[in-house]
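Take a look at the structure below.
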Amino acid sequence: MAEQAILSYLETHEEIADSGNFAAECGIDHAEIVNAIKSLHGFLYVESQDIKKETWVLTDEGKRYAAEGSPEVQLFLAVPAEGSIAKDELQKKFDPAIFKIGCSQAGKNKWVEMGRQVSRKVVQVEDKVKDLLLKIQKGQVIGQADINSLKARKLIVLQTWKGYSVRKGPSYAPQREKFATDLTRENLQSGDWKKLKFKEYNFNAKGPPSECGHLHPLNKMKDCIKRIFRMMGFEEMPTNRYVESSFWNFDALFQPQQHPARDSHDTFFLKTPSTTMQLPEDYVERVKQVHESGGYGSRGYNYEWKREEANKNLLRTHTTAISSRMLYKLAQDTKQNGFTPKKYFSIDRVFRNEAVDRTHLAEFHQIEGLICDRGLTLGHLIGVLEDFFKRLGMSNLRFKPAYNPYTEPSMEIFSYHEGFGKWVEIGNSGMFRPEMLQPMGFPEDVRVIAWGLSLERPTMILYGIDNIRDLFGHRVDLDLIKKSPLCLIGIK
Amino acid sequence: MPTVSVGRDCLFAALGQTYTQEKFEELCFNFGIELDDVTTEKAIMRKECHLEEEADDDEEVIYKIEVPANRYDLLCLEGLAQALRVFNGKEGTPAYTLASISKESMLKIHVHKETSKIRPYVVCAVLRDINFDEASYNSFIELQDKLHENICRRRTLVAIGTHDLDTLQGPFTYEALPPEKINFVPLKQEKNFRADELMEVYKSDLKLKKYLHIIENSPVYPVIYDCRRTVLSLPPIINGAHSSITLKTKNVFIECTATDLTKAKIVLNTMVTAFSLYCRNKYEVEPVEVVYDGGKSLISPELSEYSMEVPLSYISRSIGVSLKADEVASLLNRMQLRAEKGASGGEQNIKVSVPPTRSDVLHPCDVMEDVAIAYGYNNIPKTKFPSSEVVSLIELEDLLRLEVAMNGFTEIKSWILCSYQENFAMLNRTDDKSTAVIIANPRSADFEVVRTTLMLGGLKTIGKNKNKSKPIKLFEVSDTVQLDGTKDVGATNVRRLTALYCGTNSGFERIHSLLDRVMEVMATPFVPIGDSSGYYIQRSDHAREFLPDRQASIIYKGKHIGMFGIVHPQVLKNFDIPDPCSVLELDIEPFLQA
């Protein structure tokens with residue numbers, strides 16, 4: 001309405017000299033007129049110039065007096081024309097502030113006699129204050145002396161008023177054109193889409209944020225690694241078993257009972273359920289034998305193997321606990337049905353009693369792959385590692401001799417990292433010891449080659465994350481999850 | 001893995017040659033140890049005291065070397081240097097011998113049966129006429145610390161005491177007595193303590209308090225005396241001051257008390273084999289007889305070599321390299337395993353003698369590993385398993401499909417064949433005869449052309465589903481076909497992604513957001529116009545299937561790969577769609593081109 005009023009007025013007039021007056025003439029709020037001017041100015045329909053005026057406006061107190069009359073007049077009118085009224089009684093009729101001001105002003109004007117009893121001194125009074133305030137409200141001019149007295153009573157304040165003078169602009173038209181932001185059903189139904197002009201769309205900015213779901217980068221990496229294992233002919237092991245006995249986690253792997261990894265410094269042992277209830281007894285006996293006195297060509301560790309140690313429950317420290325169960329099962333099956341070669345993998349959670357820092361957590365994910373077959377060699381292990389890591393994008397590998405209680409030979413896997421400019425360790429591997437495999441019941445010529453690495457490290461390298469807590473756990477950086485791109489490892 | 005700190009210059013002197021750091025790291029890598037850190041004594045001190053002083057140039061460089069947890073022989077400079085010298089072929093494995101002395105003149109230690117209640121085993125040895133210098137003396141002390149921390153499991157399994165034999169008088173006794181009956185001046189003290197009082201004192205000793213629990217609650221404490229009742233040690237806590245060794249000590253008496261006899265023997269062997277180097281009779285150790293109550297006795301240390309016969313075929317077949325017996329023998333010699341060809345005839349065996357330094361060798365597989373290390377892991381030819389490859393484009397398609405579905409779009413599978421009208425006129429397009437594969441014998445008008453655009457299927461689907469609640473959000477990743485003179489058959493598939501939004505408004509911004517998300521998951525940054533390192537959007541007006549004012553070209557790494565826009569109302573009408581609609585269509589193959 002304001003917009004149309006301005007455009008129409010300018011169609012027949014040179015200019016709107018004062019937007020304030022114009023607003024008053026049109027009966028439209030000045031603020032609305034100002035908004036319309038600004039908008040029309042933006043589209044060059046009009047040109048406008050600022051006008052500044054200083055005017056007196058009523059304070060809240062002033063407005064109240066303009067409406068209700070000044071306190072002194074109110075007080076005067078409350079005093080009977082004849083006789084008097086007790087001051088206490090008079091006071092009850094008023095708000096304390098009004099009463100106080102009324103008394104003082106009426107007294108000063110010598111309108112009333114103040115005492116215990118109050119009586120009129122004049123017959124009639126004029127409410128000059130109210131009249132002045134009303135004049136100011138209407139924008140009329142009053143004398144300087146009156147202004148000073150009203151100002152002293154804080155009934156008026158000076159306000160800077162801003163308005164505009166307005167003329168036609170270069171794009172002036174008597175009607176404003178509509179710009180559409182989108183095509184709507186109404187546009188189609190009415191057919192007005194043909195006349196539609198669109199607001200310029202900003203292609204230099206991204207669209208609004210999309211409301212979509214996001215997958216976790218660790219799981220994206222996990223999916224890629226699963227795909228790689230499957231392409232290499234590996235089947236996944238069921239790993240849904242966090243609580244494990246020391247037996248399957250350590251003893252079955254020929255890891256001696258005094259091994260440092262079995263310290264409470266490294267492993268979470270359990271209060272409840274503290275011990276395991278069932279183990280395959282004949283197999284336990286063979287494991288005990290091989291630890292204590294060897295066999296299968298081994299000297300053994302020559303110490304007193306304790307069943308209590310093997311029974312202690314823990315949270316698995318590696319997924320190799322699952323591998324040992326799977327291999328034991330395979331060996332039992334071999335006794336029944338003959339040997340079947342297997343390629344197994346798993347990617348799941350393991351637990352270490354470690355201090356948490358930028359690169360370590362008490363829980364992380366282990367990736368593990370193993371091949372169980374006759375006639376496997378170190379050459380096979382190196383070959384399968386080269387294939388696996390090449391798919392992960394690491395084709396320059398070196399192998400370092402290492403020690404691990406259940407693999408012999410053991411090899412640490414290093415890859416040359418172009419970014420770091422050095423060789424970095426990327427995993428561990430080896431051939432399971434005969435002292436582990438033969439007590440399970442495997443024939444002597446069956447070998448197992450295996451390797452392991454963490455899921456977190458390659459994920460952190462891929463996504464450029466240097467604090468593991470940003471990636472995994474409740475302190476995670478949600479934006480990091482949302483922004484993480486697709487994992488194309490093993491694809492691209 | 002344990003770490004050993006050795007002076008670089010001392011190490012190189014012992015190795016008989018100097019290395020650049022890089023060359024030394026390579027040697028370590030091949031042998032299976034790791035140069036973990038390079039520092040100086042003063043730098044370590046500064047770090048411990050949190051001082052920030054400038055380093056002097058003349059500070060001795062310390063190598064911190066990580067060694068395998070089962071190679072106790074590598075826990076000191078002497079053992080480490082010897083292993084590397086042998087590995088480098090500079091010398092053979094030394095033969096360790098016991099001094100030939102009669103059983104009568106042999107030092108004896110009597111083990112009282114009460115010790116079985118707390119710490120039942122002891123083994124001892126004497127290093128005669130030894131010559132320490134400051135470096136070797138410090139190494140001797142440090143080796144004990146390393147052993148205590150590692151194989152001795154913080155002295156629970158084994159504790160080592162070393163003594164100046166010349167201050168003592170054998171025979172010795174190993175006893176277990178009530179603490180209040182034991183009195184002596186302990187190491188680093190001047191006054192006499194009763195054992196139980198001493199335990200109280202050590203409760204505030206940072207180094208020793210962690211060992212107190214091993215005997216604290218026992219009614220008897222283990223203790224070793226000489227024949228004059230001088231206390232040698234209160235194992236596993238502290239030695240007596242009287243017999244403490246110094247740089248000048250000539251004859252060292254070593255006792256290892258233990259709860260695990262096998263480990264005690266390994267620890268004693270590790271000590272004497274490493275330091276017999278400094279004895280006048282190199283590599284010779286004087287034995288001690290350990291006599292138990294009841295008369296059973298044993299001579300310690302046991303330095304005899306353990307013999308193993310390992311079939312050559314087992315080694316070759318495990319490593320995957322065909323090796324001759326002589327080669328295997330010489331490879332093993334470099335790993336401190338004396339080896340020779342076994343008797344010929346039948347299966348070829350390798351006779352291996354495992355020296356007392358190599359307690360880690362338990363099984364022929366350990367011998368096989370040493371052959372592989374000496375041969376060089378990185379020289380072993382690889383054997384590949386059969387494995388399969390993926391088609392990158394198919395895998396990428398699957399990942400993108402999931403991503404678009406996660407943006408709330410429903411997947412459709414539409415027909416590749418369409419009518420000529422649909423492919424051109426209904427999309428406001430004209431056929432310039434350069435794009436579409438035309439069918440020669442269509443059974444009906446529905447099968448005249450192989451689609452050149454993927455949005456067609458989406459538009460047809462919306463047209464047939466216009467009564468469904470809005471918005472309708474559809475997508476498809478599939479192939480279109482284009483004429484292509486460079487191909488043998490004259491046409492080529494082009495894999496594309498299309499997404500459509502249809503609602504009370506066109507949802508143009510939603511389609512724009514989806515494009516941004518696709519680019520985000522492809523790790524492609526949004527860049528200013530003209531920059532070819534990412535993607536940008538360029539306003540367009542020529543595509544006649546879109547409104548001229550609401551259409552844009554997608555530029556990916558400098559290349560136009562697709563468009564998005566509000567579908568032209570005429571096109572909507574052609575497909576019988578009453579509601580506004582926006583469409584995105586782009587090629588996904590460029591994402592796989594680096």
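Please note that chains go A, B, ... in the order of the structure tokens, that every chain numbers its residues from 1, and that ligands are numbered from 1 in the order shown.
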
Residues of region 147-287 of chain B in strand (DSSP E or B) according to DSSP, as a short mmCIF file (atom, residue, chain, number, x, y, z; two decimals) with C-alpha atoms, in the first residue's frame?
data_model
loop_
_atom_site.label_atom_id
_atom_site.label_comp_id
_atom_site.auth_asym_id
_atom_site.auth_seq_id
_atom_site.Cartn_x
_atom_site.Cartn_y
_atom_site.Cartn_z
CA VAL B 158 63.95 -63.57 39.13
CA ALA B 159 66.17 -61.15 41.07
CA ILE B 160 69.85 -60.64 40.33
CA GLY B 161 72.57 -59.89 42.90
CA THR B 162 76.16 -59.17 41.89
CA HIS B 163 79.00 -59.12 44.43
CA ASP B 164 82.71 -58.54 44.83
CA PHE B 172 77.31 -69.61 50.71
CA THR B 173 73.93 -70.43 52.08
CA TYR B 174 70.54 -69.47 50.63
CA GLU B 175 68.12 -69.35 53.52
CA ALA B 176 64.64 -68.16 54.43
CA LEU B 177 64.44 -66.60 57.90
CA ASN B 183 70.48 -57.99 60.25
CA PHE B 184 72.80 -56.23 57.82
CA PRO B 186 72.21 -52.64 53.01
CA PHE B 193 69.06 -52.62 59.76
CA ARG B 194 66.83 -55.45 60.78
CA TYR B 221 62.38 -63.57 53.94
CA PRO B 222 64.93 -65.04 51.53
CA VAL B 223 68.55 -64.16 52.38
CA ILE B 224 72.01 -65.19 51.16
CA TYR B 225 74.97 -65.47 53.58
CA VAL B 231 74.66 -60.94 54.18
CA LEU B 232 75.12 -60.87 50.39
CA SER B 233 71.55 -59.92 49.67
CA LEU B 234 67.95 -59.83 50.77
CA ILE B 238 68.48 -55.16 48.13
CA ASN B 239 72.09 -56.31 48.31
CA GLY B 240 74.37 -55.92 51.31
CA VAL B 252 82.23 -61.05 40.41
CA PHE B 253 79.88 -63.45 42.14
CA ILE B 254 76.42 -63.48 40.52
CA GLU B 255 73.37 -64.98 42.18
CA CYS B 256 69.90 -65.18 40.71
CA THR B 257 67.09 -66.11 43.08
CA ALA B 258 63.82 -67.06 41.52
CA CYS B 279 87.38 -61.79 31.64
CA GLU B 284 84.94 -68.53 30.20
CA VAL B 285 82.69 -68.67 33.26
CA GLU B 286 83.42 -70.26 36.61
CA PRO B 287 80.61 -72.58 37.72
#

Check: which chain B residues lie within 7 Å of chain A using only C-alpha atoms, as a PyMOL selection string: chain B and resi 29-32+68-69+260+262+317-320+362-363+365-366+369+373+377-378+380-385+387-390+392+395+406-408+504-506+509+512-514+516+520-523+537-539+549+579-580+592

Between CA of Asp370 (chain B) and CA of Asn88 (chain B), distance in Å (one decimal):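 Interatomic distance, CA of Asp370 (chain B) to CA of Asn88 (chain B): 14.1 Å.
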
Who sits within 8 Å of Ser5 (chain B), only C-alpha atoms, same chain under 6 positions skipped, as a list in words: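 Non-adjacent residues within range: Ile62, Tyr63, Lys64 and Ile65 of chain B.
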
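Here CA of Ser429 (chain A) stands at a distance of 8.9 Å from CA of Leu453 (chain A).
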
Counting only C-alpha atoms, the option among A:Lys195, A:Lys335, A:Lys390, A:Arg352 closest to His265 (chain A):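 Distance minimum relative to His265 (chain A) lands on A:Arg352.
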
Shell around Arg401 (chain B) at 12 Å using only C-alpha atoms, local window under 5 positions removed, as a VMD selection string: (chain A and resid 486) or (chain B and resid 394 to 396 406 to 413 474 to 478 496 to 499 518 521 588)

All residues 12 Å or closer to Tyr536 (chain B), only C-alpha atoms, same chain fewer than 6 positions away omitted, as a ChimeraX atom specification: /A:202-207 /B:512,515-516,519,524-530,552-563

Spatial neighbours of region 471-477 of chain A, 9 Å, only C-alpha atoms, chain gap at least 6 places, as a PyMOL selection string: chain A and resi 216-218+361+364+456+459-460+465

Residues from last step as file, all heavy atoms, as a CSV table (one decimal), in the first residue's frame:
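Listing of out_36.csv after writing:
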chain,number,residue,atom,x,y,z
A,216,HIS,N,29.3,-43.0,9.2
A,216,HIS,CA,30.6,-42.7,9.9
A,216,HIS,C,31.8,-43.1,9.1
A,216,HIS,O,31.8,-44.1,8.5
A,216,HIS,CB,30.6,-43.5,11.2
A,216,HIS,CG,31.6,-43.0,12.2
A,216,HIS,ND1,32.9,-43.3,12.1
A,216,HIS,CD2,31.5,-42.2,13.3
A,216,HIS,CE1,33.6,-42.7,13.1
A,216,HIS,NE2,32.7,-42.0,13.8
A,217,PRO,N,32.8,-42.2,9.1
A,217,PRO,CA,34.0,-42.5,8.3
A,217,PRO,C,34.7,-43.8,8.6
A,217,PRO,O,35.2,-44.5,7.7
A,217,PRO,CB,35.0,-41.3,8.6
A,217,PRO,CG,34.3,-40.5,9.6
A,217,PRO,CD,32.9,-40.8,9.7
A,218,LEU,N,34.6,-44.2,9.9
A,218,LEU,CA,35.2,-45.5,10.2
A,218,LEU,C,34.5,-46.7,9.6
A,218,LEU,O,35.1,-47.6,9.1
A,218,LEU,CB,35.2,-45.7,11.7
A,218,LEU,CG,36.4,-45.2,12.6
A,218,LEU,CD1,36.2,-45.5,14.0
A,218,LEU,CD2,37.7,-45.9,12.1
A,361,LEU,N,43.3,-45.1,22.1
A,361,LEU,CA,42.0,-45.2,22.8
A,361,LEU,C,42.0,-46.5,23.5
A,361,LEU,O,42.7,-47.5,23.1
A,361,LEU,CB,40.8,-45.1,21.9
A,361,LEU,CG,40.5,-43.8,21.2
A,361,LEU,CD1,39.3,-43.9,20.3
A,361,LEU,CD2,40.2,-42.7,22.3
A,364,PHE,N,39.5,-49.9,20.2
A,364,PHE,CA,39.7,-49.5,18.8
A,364,PHE,C,39.3,-50.8,17.9
A,364,PHE,O,38.9,-51.8,18.5
A,364,PHE,CB,41.2,-49.1,18.5
A,364,PHE,CG,42.2,-50.1,18.8
A,364,PHE,CD1,42.7,-50.9,17.8
A,364,PHE,CD2,42.7,-50.2,20.1
A,364,PHE,CE1,43.7,-51.9,18.1
A,364,PHE,CE2,43.7,-51.2,20.4
A,364,PHE,CZ,44.2,-52.0,19.4
A,456,GLU,N,41.5,-47.6,12.6
A,456,GLU,CA,41.6,-46.1,12.9
A,456,GLU,C,42.7,-45.5,12.1
A,456,GLU,O,42.5,-44.4,11.6
A,456,GLU,CB,41.7,-45.9,14.4
A,456,GLU,CG,40.5,-46.0,15.2
A,456,GLU,CD,40.0,-47.5,15.4
A,456,GLU,OE1,40.8,-48.4,15.0
A,456,GLU,OE2,39.0,-47.7,16.0
A,459,THR,N,42.2,-44.8,8.5
A,459,THR,CA,41.1,-43.9,8.3
A,459,THR,C,41.5,-42.5,8.7
A,459,THR,O,41.2,-41.5,8.0
A,459,THR,CB,39.9,-44.3,9.3
A,459,THR,OG1,39.6,-45.6,9.1
A,459,THR,CG2,38.7,-43.4,9.0
A,460,MET,N,42.4,-42.3,9.7
A,460,MET,CA,42.9,-41.0,10.1
A,460,MET,C,43.8,-40.4,9.0
A,460,MET,O,43.7,-39.2,8.7
A,460,MET,CB,43.6,-41.1,11.4
A,460,MET,CG,42.7,-41.3,12.6
A,460,MET,SD,43.5,-41.7,14.1
A,460,MET,CE,44.2,-40.2,14.6
A,465,ILE,N,42.9,-36.8,9.8
A,465,ILE,CA,42.5,-36.5,11.2
A,465,ILE,C,43.7,-36.8,12.1
A,465,ILE,O,44.3,-37.8,11.9
A,465,ILE,CB,41.3,-37.4,11.6
A,465,ILE,CG1,40.1,-37.2,10.6
A,465,ILE,CG2,40.9,-37.3,13.0
A,465,ILE,CD1,39.1,-38.3,10.7

Residue neighbourhood Leu270 (chain A), 9 Å, only C-alpha atoms, exclusion window fewer than 5 positions, as a list in words: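 Listed by chain and then number, they are Val243, Thr275, Lys312, Asn313, Leu314 and Leu315 of chain A.
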
Minimum-distance residue to Ile33 (chain A), chosen among A:Gln124, A:Ser165, A:Ser70, A:Gln159 (using only C-alpha atoms):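 Nearest to Ile33 (chain A): A:Ser165.
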
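Reported to one decimal place, the separation of CA of Glu235 (chain A) from CA of Met440 (chain A) is 20.8 Å.
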
Pick from A:Leu437, A:Cys372, A:Val122, A:Leu90, whichever lies nearest to Arg286 (chain A) using only C-alpha atoms: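 Of all the options, A:Leu437 lies closest to Arg286 (chain A).
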